[in-house]
Amino acid sequence: MLFRDPEALFHAAVAALAREDWLRVAEMCDPASLSLFQSAVLRYYLEPQSHAPVTVEQYLAHAPDMPREVAEYHVRQIHAEIDRSKSLERDYPTVGSIDELRQMSAVALYASWLEGRSLRRQLQQIAKQQSLPDSAVDEALRAAGAEERATLLGVVPDGERVAHVLYRTEIAQVPAISEDGAEEREFQADMAGRQFVSVLTCRRGKDGGWRLIADHSLLGHGANVVSLR
């Protein structure tokens with residue numbers, strides 16, 4: 001499906017993300033951006049690590065007063081973060097191995113990354129760490145879906161083939177109104193949910209259709225700070 005204007009592309013992408021259709025979102029992306037994303041991922045997983053992981057002794061050299069047990073814990077955390085097999089499992093949940101990653105199409109790889117960075121995936125990992133039931137994840141997802149929605153503000157052309165879609169994410173909550181004067185309360189009401197504007201950049205292909213840019217910040221995906229109660 002070709003999107004003849006950035007607004008239609010924006011609404012379709014937001015809807016696909018909301019229904020967790022990761023493959024559809026990836027298919028909306030510019031092929032060149034997908035290829036560049038794939039190349040960067042493969043370089044990370046296939047090239048040798050450029051430096052050795054930090055040791056407990058090195059950690060203690062910078063924090064000599066720290067108990068050794070605490071330093072060992074921090075070093076384990078650092079090693080877990082840079083362990084490529086663990087990061088593969090975390091960031092690409094549909095990929096079983098680096099060999100499989102190498103053989104994937106750019107579209108499938110980006111779709112897997114979108115799933116790995118999704119709110120559902122983050123909540124599932126937290127629930128697993130805290131031994132919480134699946135119902136806690138479902139409840140949190142329902143609450144998040146009811147609270148947030150993306151509102152398109154406008155489109156700024158940037159040449160003939162690039163455009164920037166301005167939007168904001170609205171939270172369906174009544175802001176706390178202070179007991180200040182009427183002018184201050186009016187200001188708070190006007191600014192509630194409008195102080196932070198985001199940008200979605202898209203590119204028009206040779207066929208005239210507009211496409212998303214496959215990167216690590218698509219519509220703020222994966223930027224949520226989440227918790228479970």
# chains A, B, ... in the order shown; residues from 1 in each chain; ligands from 1

call {"tool": "residues_around", "arguments": {"residues": "Thr55 (chain A)", "least_positions_apart": "3", "cutoff": "9 Å", "atoms": "only C-alpha atoms", "output": "compact mmCIF listing (two decimals) with C-alpha atoms, in the first residue's frame"}}
result
# COMPACT_ATOMS: atom_id res chain seq x y z
CA ALA A 52 37.91 -6.62 27.16
CA GLN A 58 39.47 -2.52 37.73
CA TYR A 59 36.13 -1.62 39.27
CA LEU A 60 37.59 -1.54 42.77
CA GLU A 72 31.34 -8.25 41.93
CA VAL A 75 30.63 -6.25 37.26

call {"tool": "select_by_dssp", "arguments": {"residues": "region 2-227 of chain A", "states": "helix (DSSP H, G or I)", "output": "VMD selection string"}}
result
chain A and resid 6 to 18 22 to 27 31 to 46 56 to 62 68 to 82 84 to 91 98 to 103 106 to 116 119 to 130 134 to 147 182 to 191 218 to 220

call {"tool": "atom_distance", "arguments": {"atom1": "CA of Asp134 (chain A)", "atom2": "CA of Arg19 (chain A)"}}
result
18.5 Å

call {"tool": "select_by_dssp", "arguments": {"residues": "region 3-185 of chain A", "states": "strand (DSSP E or B)", "output": "ChimeraX atom specification"}}
result
/A:29,148-157,162-171

call {"tool": "write_last_selection", "arguments": {"atoms": "N, CA, C and O atoms", "output": "PDB file, in the first residue's frame"}}
result
ATOM      1  N   CYS A  29       8.525   0.935   6.195  1.00  0.00           N
ATOM      2  CA  CYS A  29       9.792   1.663   6.279  1.00  0.00           C
ATOM      3  C   CYS A  29      10.502   1.742   4.933  1.00  0.00           C
ATOM      4  O   CYS A  29      10.353   0.868   4.066  1.00  0.00           O
ATOM      5  N   GLU A 148      -2.850   6.708  26.681  1.00  0.00           N
ATOM      6  CA  GLU A 148      -2.030   7.419  25.714  1.00  0.00           C
ATOM      7  C   GLU A 148      -2.640   7.410  24.317  1.00  0.00           C
ATOM      8  O   GLU A 148      -3.235   6.435  23.890  1.00  0.00           O
ATOM      9  N   ARG A 149      -2.466   8.509  23.622  1.00  0.00           N
ATOM     10  CA  ARG A 149      -2.818   8.564  22.208  1.00  0.00           C
ATOM     11  C   ARG A 149      -1.971   9.635  21.544  1.00  0.00           C
ATOM     12  O   ARG A 149      -1.635  10.658  22.144  1.00  0.00           O
ATOM     13  N   ALA A 150      -1.598   9.385  20.303  1.00  0.00           N
ATOM     14  CA  ALA A 150      -0.751  10.312  19.561  1.00  0.00           C
ATOM     15  C   ALA A 150      -1.627  11.246  18.741  1.00  0.00           C
ATOM     16  O   ALA A 150      -2.533  10.803  18.033  1.00  0.00           O
ATOM     17  N   THR A 151      -1.361  12.532  18.844  1.00  0.00           N
ATOM     18  CA  THR A 151      -2.125  13.540  18.119  1.00  0.00           C
ATOM     19  C   THR A 151      -1.227  14.245  17.114  1.00  0.00           C
ATOM     20  O   THR A 151      -0.189  14.807  17.483  1.00  0.00           O
ATOM     21  N   LEU A 152      -1.620  14.207  15.854  1.00  0.00           N
ATOM     22  CA  LEU A 152      -0.854  14.869  14.803  1.00  0.00           C
ATOM     23  C   LEU A 152      -1.068  16.376  14.872  1.00  0.00           C
ATOM     24  O   LEU A 152      -2.199  16.848  14.986  1.00  0.00           O
ATOM     25  N   LEU A 153       0.031  17.123  14.801  1.00  0.00           N
ATOM     26  CA  LEU A 153      -0.037  18.579  14.874  1.00  0.00           C
ATOM     27  C   LEU A 153       0.180  19.242  13.521  1.00  0.00           C
ATOM     28  O   LEU A 153      -0.337  20.327  13.265  1.00  0.00           O
ATOM     29  N   GLY A 154       0.964  18.604  12.668  1.00  0.00           N
ATOM     30  CA  GLY A 154       1.222  19.198  11.362  1.00  0.00           C
ATOM     31  C   GLY A 154       2.394  18.525  10.683  1.00  0.00           C
ATOM     32  O   GLY A 154       3.047  17.649  11.252  1.00  0.00           O
ATOM     33  N   VAL A 155       2.653  18.934   9.456  1.00  0.00           N
ATOM     34  CA  VAL A 155       3.742  18.372   8.659  1.00  0.00           C
ATOM     35  C   VAL A 155       4.610  19.507   8.139  1.00  0.00           C
ATOM     36  O   VAL A 155       4.095  20.502   7.614  1.00  0.00           O
ATOM     37  N   VAL A 156       5.913  19.354   8.294  1.00  0.00           N
ATOM     38  CA  VAL A 156       6.865  20.353   7.808  1.00  0.00           C
ATOM     39  C   VAL A 156       7.659  19.741   6.654  1.00  0.00           C
ATOM     40  O   VAL A 156       8.469  18.830   6.877  1.00  0.00           O
ATOM     41  N   PRO A 157       7.446  20.196   5.422  1.00  0.00           N
ATOM     42  CA  PRO A 157       8.244  19.687   4.298  1.00  0.00           C
ATOM     43  C   PRO A 157       9.706  20.098   4.449  1.00  0.00           C
ATOM     44  O   PRO A 157      10.011  21.187   4.928  1.00  0.00           O
ATOM     45  N   VAL A 162      11.588  14.639   1.699  1.00  0.00           N
ATOM     46  CA  VAL A 162      11.632  14.441   3.150  1.00  0.00           C
ATOM     47  C   VAL A 162      10.598  15.347   3.808  1.00  0.00           C
ATOM     48  O   VAL A 162      10.394  16.491   3.382  1.00  0.00           O
ATOM     49  N   ALA A 163       9.940  14.823   4.829  1.00  0.00           N
ATOM     50  CA  ALA A 163       8.974  15.615   5.597  1.00  0.00           C
ATOM     51  C   ALA A 163       9.061  15.206   7.060  1.00  0.00           C
ATOM     52  O   ALA A 163       9.414  14.065   7.388  1.00  0.00           O
ATOM     53  N   HIS A 164       8.749  16.153   7.934  1.00  0.00           N
ATOM     54  CA  HIS A 164       8.767  15.913   9.375  1.00  0.00           C
ATOM     55  C   HIS A 164       7.343  16.064   9.911  1.00  0.00           C
ATOM     56  O   HIS A 164       6.735  17.126   9.775  1.00  0.00           O
ATOM     57  N   VAL A 165       6.833  14.994  10.495  1.00  0.00           N
ATOM     58  CA  VAL A 165       5.496  15.009  11.083  1.00  0.00           C
ATOM     59  C   VAL A 165       5.624  15.380  12.557  1.00  0.00           C
ATOM     60  O   VAL A 165       6.306  14.689  13.323  1.00  0.00           O
ATOM     61  N   LEU A 166       4.984  16.464  12.949  1.00  0.00           N
ATOM     62  CA  LEU A 166       4.998  16.892  14.347  1.00  0.00           C
ATOM     63  C   LEU A 166       3.786  16.295  15.056  1.00  0.00           C
ATOM     64  O   LEU A 166       2.659  16.367  14.547  1.00  0.00           O
ATOM     65  N   TYR A 167       4.025  15.715  16.222  1.00  0.00           N
ATOM     66  CA  TYR A 167       2.925  15.124  16.979  1.00  0.00           C
ATOM     67  C   TYR A 167       3.239  15.189  18.464  1.00  0.00           C
ATOM     68  O   TYR A 167       4.377  15.432  18.869  1.00  0.00           O
ATOM     69  N   ARG A 168       2.227  14.973  19.259  1.00  0.00           N
ATOM     70  CA  ARG A 168       2.438  14.868  20.700  1.00  0.00           C
ATOM     71  C   ARG A 168       1.666  13.663  21.218  1.00  0.00           C
ATOM     72  O   ARG A 168       0.656  13.259  20.641  1.00  0.00           O
ATOM     73  N   THR A 169       2.178  13.088  22.279  1.00  0.00           N
ATOM     74  CA  THR A 169       1.507  11.967  22.926  1.00  0.00           C
ATOM     75  C   THR A 169       0.717  12.509  24.101  1.00  0.00           C
ATOM     76  O   THR A 169       1.288  13.099  25.022  1.00  0.00           O
ATOM     77  N   GLU A 170      -0.580  12.334  24.055  1.00  0.00           N
ATOM     78  CA  GLU A 170      -1.444  12.868  25.099  1.00  0.00           C
ATOM     79  C   GLU A 170      -1.732  11.797  26.139  1.00  0.00           C
ATOM     80  O   GLU A 170      -1.978  10.639  25.811  1.00  0.00           O
ATOM     81  N   ILE A 171      -1.695  12.200  27.378  1.00  0.00           N
ATOM     82  CA  ILE A 171      -2.032  11.326  28.499  1.00  0.00           C
ATOM     83  C   ILE A 171      -3.406  11.724  29.007  1.00  0.00           C
ATOM     84  O   ILE A 171      -3.636  12.887  29.352  1.00  0.00           O
TER      85      ILE A 171
END

call {"tool": "closest_residue", "arguments": {"among": "A:Leu114, A:Val95, A:Leu141, A:Leu123", "to": "Leu17 (chain A)", "atoms": "only C-alpha atoms"}}
result
A:Leu114

call {"tool": "closest_residue", "arguments": {"among": "A:Met28, A:Leu219, A:Met104, A:Ala15", "to": "Arg204 (chain A)", "atoms": "only C-alpha atoms"}}
result
A:Met28

call {"tool": "closest_residue", "arguments": {"among": "A:Leu42, A:Ala182, A:Ala32, A:Val25", "to": "Gln103 (chain A)", "atoms": "only C-alpha atoms"}}
result
A:Leu42

call {"tool": "closest_residue", "arguments": {"among": "A:Glu20, A:Glu139, A:Glu69, A:Asp207", "to": "Ser112 (chain A)", "atoms": "only C-alpha atoms"}}
result
A:Glu20

call {"tool": "residues_around", "arguments": {"residues": "Ile98 (chain A)", "least_positions_apart": "5", "cutoff": "12 Å", "atoms": "only C-alpha atoms", "output": "list in words"}}
result
Val41, Leu42, Arg43, Tyr44, Tyr45, Leu46, Glu47, Arg84, Ser85, Lys86, Ser87, Leu88, Glu89, Tyr92, Gln103, Met104 and Leu109 of chain A

call {"tool": "residues_around", "arguments": {"residues": "Pro133 (chain A)", "least_positions_apart": "5", "cutoff": "12 Å", "atoms": "only C-alpha atoms", "output": "JSON, numbers by chain"}}
result
{"A": [123, 124, 125, 126, 127, 128, 138, 139, 140, 228, 229]}

call {"tool": "write_last_selection", "arguments": {"atoms": "all heavy atoms", "output": "PDB file, in the first residue's frame"}}
result
ATOM      1  N   LEU A 123       7.201  -5.348  29.827  1.00  0.00           N
ATOM      2  CA  LEU A 123       6.401  -5.748  30.984  1.00  0.00           C
ATOM      3  C   LEU A 123       6.548  -7.240  31.269  1.00  0.00           C
ATOM      4  O   LEU A 123       6.589  -7.659  32.434  1.00  0.00           O
ATOM      5  CB  LEU A 123       4.934  -5.397  30.744  1.00  0.00           C
ATOM      6  CG  LEU A 123       4.599  -3.901  30.743  1.00  0.00           C
ATOM      7  CD1 LEU A 123       3.171  -3.676  30.285  1.00  0.00           C
ATOM      8  CD2 LEU A 123       4.819  -3.289  32.121  1.00  0.00           C
ATOM      9  N   GLN A 124       6.629  -8.048  30.237  1.00  0.00           N
ATOM     10  CA  GLN A 124       6.814  -9.489  30.427  1.00  0.00           C
ATOM     11  C   GLN A 124       8.144  -9.783  31.119  1.00  0.00           C
ATOM     12  O   GLN A 124       8.223 -10.660  31.987  1.00  0.00           O
ATOM     13  CB  GLN A 124       6.745 -10.207  29.083  1.00  0.00           C
ATOM     14  CG  GLN A 124       5.344 -10.287  28.495  1.00  0.00           C
ATOM     15  CD  GLN A 124       5.327 -10.845  27.082  1.00  0.00           C
ATOM     16  OE1 GLN A 124       6.341 -10.820  26.379  1.00  0.00           O
ATOM     17  NE2 GLN A 124       4.180 -11.351  26.657  1.00  0.00           N
ATOM     18  N   GLN A 125       9.183  -9.051  30.739  1.00  0.00           N
ATOM     19  CA  GLN A 125      10.482  -9.260  31.369  1.00  0.00           C
ATOM     20  C   GLN A 125      10.457  -8.851  32.835  1.00  0.00           C
ATOM     21  O   GLN A 125      11.028  -9.531  33.692  1.00  0.00           O
ATOM     22  CB  GLN A 125      11.552  -8.479  30.602  1.00  0.00           C
ATOM     23  CG  GLN A 125      11.830  -9.039  29.215  1.00  0.00           C
ATOM     24  CD  GLN A 125      12.795  -8.186  28.414  1.00  0.00           C
ATOM     25  OE1 GLN A 125      12.858  -6.970  28.568  1.00  0.00           O
ATOM     26  NE2 GLN A 125      13.561  -8.819  27.542  1.00  0.00           N
ATOM     27  N   ILE A 126       9.783  -7.738  33.126  1.00  0.00           N
ATOM     28  CA  ILE A 126       9.671  -7.293  34.517  1.00  0.00           C
ATOM     29  C   ILE A 126       8.861  -8.298  35.330  1.00  0.00           C
ATOM     30  O   ILE A 126       9.217  -8.646  36.460  1.00  0.00           O
ATOM     31  CB  ILE A 126       9.026  -5.897  34.583  1.00  0.00           C
ATOM     32  CG1 ILE A 126       9.951  -4.859  33.945  1.00  0.00           C
ATOM     33  CG2 ILE A 126       8.719  -5.510  36.028  1.00  0.00           C
ATOM     34  CD1 ILE A 126       9.323  -3.490  33.794  1.00  0.00           C
ATOM     35  N   ALA A 127       7.762  -8.777  34.749  1.00  0.00           N
ATOM     36  CA  ALA A 127       6.923  -9.752  35.444  1.00  0.00           C
ATOM     37  C   ALA A 127       7.696 -11.035  35.739  1.00  0.00           C
ATOM     38  O   ALA A 127       7.554 -11.631  36.814  1.00  0.00           O
ATOM     39  CB  ALA A 127       5.685 -10.062  34.602  1.00  0.00           C
ATOM     40  N   LYS A 128       8.529 -11.446  34.801  1.00  0.00           N
ATOM     41  CA  LYS A 128       9.341 -12.647  35.003  1.00  0.00           C
ATOM     42  C   LYS A 128      10.334 -12.436  36.138  1.00  0.00           C
ATOM     43  O   LYS A 128      10.519 -13.315  36.990  1.00  0.00           O
ATOM     44  CB  LYS A 128      10.074 -12.996  33.712  1.00  0.00           C
ATOM     45  CG  LYS A 128      10.911 -14.258  33.794  1.00  0.00           C
ATOM     46  CD  LYS A 128      11.573 -14.565  32.456  1.00  0.00           C
ATOM     47  CE  LYS A 128      12.416 -15.830  32.546  1.00  0.00           C
ATOM     48  NZ  LYS A 128      13.065 -16.146  31.237  1.00  0.00           N
ATOM     49  N   ASP A 138      -1.268  -7.949  31.413  1.00  0.00           N
ATOM     50  CA  ASP A 138      -2.478  -7.584  30.665  1.00  0.00           C
ATOM     51  C   ASP A 138      -3.133  -6.342  31.251  1.00  0.00           C
ATOM     52  O   ASP A 138      -3.590  -5.456  30.515  1.00  0.00           O
ATOM     53  CB  ASP A 138      -3.466  -8.750  30.674  1.00  0.00           C
ATOM     54  CG  ASP A 138      -2.930  -9.968  29.924  1.00  0.00           C
ATOM     55  OD1 ASP A 138      -2.086  -9.775  29.027  1.00  0.00           O
ATOM     56  OD2 ASP A 138      -3.347 -11.094  30.247  1.00  0.00           O
ATOM     57  N   GLU A 139      -3.170  -6.262  32.570  1.00  0.00           N
ATOM     58  CA  GLU A 139      -3.789  -5.106  33.226  1.00  0.00           C
ATOM     59  C   GLU A 139      -3.003  -3.829  32.930  1.00  0.00           C
ATOM     60  O   GLU A 139      -3.585  -2.777  32.640  1.00  0.00           O
ATOM     61  CB  GLU A 139      -3.854  -5.344  34.735  1.00  0.00           C
ATOM     62  CG  GLU A 139      -4.525  -4.220  35.505  1.00  0.00           C
ATOM     63  CD  GLU A 139      -4.600  -4.503  36.997  1.00  0.00           C
ATOM     64  OE1 GLU A 139      -4.374  -5.665  37.389  1.00  0.00           O
ATOM     65  OE2 GLU A 139      -4.884  -3.564  37.761  1.00  0.00           O
ATOM     66  N   ALA A 140      -1.674  -3.925  32.987  1.00  0.00           N
ATOM     67  CA  ALA A 140      -0.840  -2.756  32.710  1.00  0.00           C
ATOM     68  C   ALA A 140      -0.980  -2.310  31.260  1.00  0.00           C
ATOM     69  O   ALA A 140      -0.997  -1.112  30.963  1.00  0.00           O
ATOM     70  CB  ALA A 140       0.617  -3.073  33.031  1.00  0.00           C
ATOM     71  N   LEU A 228       5.461  -2.373  37.153  1.00  0.00           N
ATOM     72  CA  LEU A 228       4.303  -3.205  37.459  1.00  0.00           C
ATOM     73  C   LEU A 228       4.048  -3.149  38.952  1.00  0.00           C
ATOM     74  O   LEU A 228       4.983  -3.144  39.748  1.00  0.00           O
ATOM     75  CB  LEU A 228       4.556  -4.656  37.036  1.00  0.00           C
ATOM     76  CG  LEU A 228       4.470  -4.962  35.537  1.00  0.00           C
ATOM     77  CD1 LEU A 228       4.881  -6.400  35.289  1.00  0.00           C
ATOM     78  CD2 LEU A 228       3.074  -4.726  35.010  1.00  0.00           C
ATOM     79  N   ARG A 229       2.769  -3.125  39.297  1.00  0.00           N
ATOM     80  CA  ARG A 229       2.421  -3.114  40.718  1.00  0.00           C
ATOM     81  C   ARG A 229       1.550  -4.326  41.023  1.00  0.00           C
ATOM     82  O   ARG A 229       0.812  -4.784  40.185  1.00  0.00           O
ATOM     83  CB  ARG A 229       1.665  -1.833  41.085  1.00  0.00           C
ATOM     84  CG  ARG A 229       2.518  -0.589  40.994  1.00  0.00           C
ATOM     85  CD  ARG A 229       1.807   0.609  41.587  1.00  0.00           C
ATOM     86  NE  ARG A 229       0.637   0.969  40.813  1.00  0.00           N
ATOM     87  CZ  ARG A 229       0.669   1.807  39.779  1.00  0.00           C
ATOM     88  NH1 ARG A 229       1.805   2.342  39.400  1.00  0.00           N
ATOM     89  NH2 ARG A 229      -0.422   2.099  39.114  1.00  0.00           N
TER      90      ARG A 229
END
